[in-house]
>>> print(open('structure_15.txt').read())   # compact mmCIF, C-alpha atoms
# COMPACT_ATOMS: atom_id res chain seq x y z
CA MET A 14 0.00 0.00 0.00
CA ASP A 15 1.34 3.39 -0.98
CA PHE A 16 1.13 5.95 1.82
CA LYS A 17 2.97 8.72 -0.04
CA PRO A 18 -0.20 10.74 -0.86
CA TRP A 19 -1.30 10.60 2.79
CA VAL A 20 2.16 11.60 4.01
CA LYS A 21 2.19 14.51 1.57
CA LEU A 22 -1.29 15.60 2.69
CA MET A 23 -0.34 15.47 6.37
CA LYS A 24 2.91 17.36 5.71
CA GLU A 25 1.11 20.12 3.79
CA THR A 26 -1.64 20.34 6.40
CA THR A 27 0.88 20.55 9.24
CA GLU A 28 2.84 23.27 7.45
CA LYS A 29 -0.33 25.26 6.75
CA HIS A 30 -2.21 24.88 10.04
CA GLY A 31 0.34 23.76 12.61
CA LEU A 32 0.98 20.48 14.36
CA TRP A 33 -1.60 20.71 17.14
CA GLN A 34 -4.45 21.76 14.87
CA THR A 35 -3.60 18.83 12.58
CA VAL A 36 -3.54 16.43 15.54
CA ALA A 37 -6.83 17.82 16.88
CA ALA A 38 -8.53 17.57 13.48
CA THR A 39 -7.28 14.00 12.97
CA TRP A 40 -8.50 13.01 16.45
CA ALA A 41 -11.90 14.65 15.85
CA ILE A 42 -12.36 12.80 12.55
CA GLY A 43 -11.42 9.52 14.25
CA MET A 44 -13.92 10.13 17.06
CA LEU A 45 -16.62 10.95 14.51
CA ILE A 46 -15.98 7.67 12.67
CA VAL A 47 -16.03 5.67 15.92
CA THR A 48 -19.28 7.37 17.01
CA MET A 49 -20.89 6.60 13.65
CA MET A 50 -19.80 2.96 13.88
CA LEU A 51 -21.21 2.63 17.40
CA ALA A 52 -24.50 4.29 16.38
CA TRP A 53 -24.77 1.88 13.42
CA ARG A 54 -24.23 -1.12 15.70
CA LEU A 55 -26.28 0.23 18.63
CA PRO A 56 -29.28 -2.13 18.25
CA GLU A 57 -26.95 -5.14 18.13
CA ILE A 58 -24.97 -3.89 21.15
CA LEU A 59 -28.16 -3.27 23.16
CA ALA A 60 -29.54 -6.70 22.30
CA ALA A 61 -26.31 -8.39 23.39
CA ALA A 62 -26.21 -6.38 26.62
CA SER A 63 -29.85 -7.22 27.34
CA ALA A 64 -29.27 -10.91 26.75
CA PHE A 65 -26.16 -10.86 28.96
CA LEU A 66 -27.98 -9.06 31.78
CA SER A 67 -30.93 -11.42 31.63
CA ILE A 68 -28.61 -14.45 31.82
CA SER A 69 -26.60 -12.86 34.67
CA GLY A 70 -29.74 -11.97 36.60
CA SER A 71 -31.04 -15.56 36.68
>>> encode(input="structure_15.txt", output="structure tokens")
Amino acid sequence: MDFKPWVKLMKETTEKHGLWQTVAATWAIGMLIVTMMLAWRLPEILAAASAFLSISGS
């Protein structure tokens, strides 16, 4: 896999906006993706938790 375009993008972004703004933006995008994945799987997660709690409560 060729990471050169991503490295170039990160280098240009860091030069333009600064290191900490680049880190903060990257972290925010990652958190957004994780939140979307959790929201997509929420019914499945709730069903598994409900089944686990009902087994544990017996």
>>> axis_aligned_box(input="structure_15.txt", around="region 52-65 of chain A", padding_each_side="4 Å", output="lines of an AutoDock Vina configuration file")
center_x = -27.0
center_y = -3.3
center_z = 21.2
size_x = 13.6
size_y = 23.2
size_z = 23.5
>>> atom_distance(input="structure_15.txt", atom1="CA of Thr35 (chain A)", atom2="CA of Val20 (chain A)")
12.6 Å
>>> closest_residue(input="structure_15.txt", among="A:Met23, A:Ala61, A:Pro18, A:Leu55", to="Ala38 (chain A)", atoms="all atoms listed in the file")
A:Met23
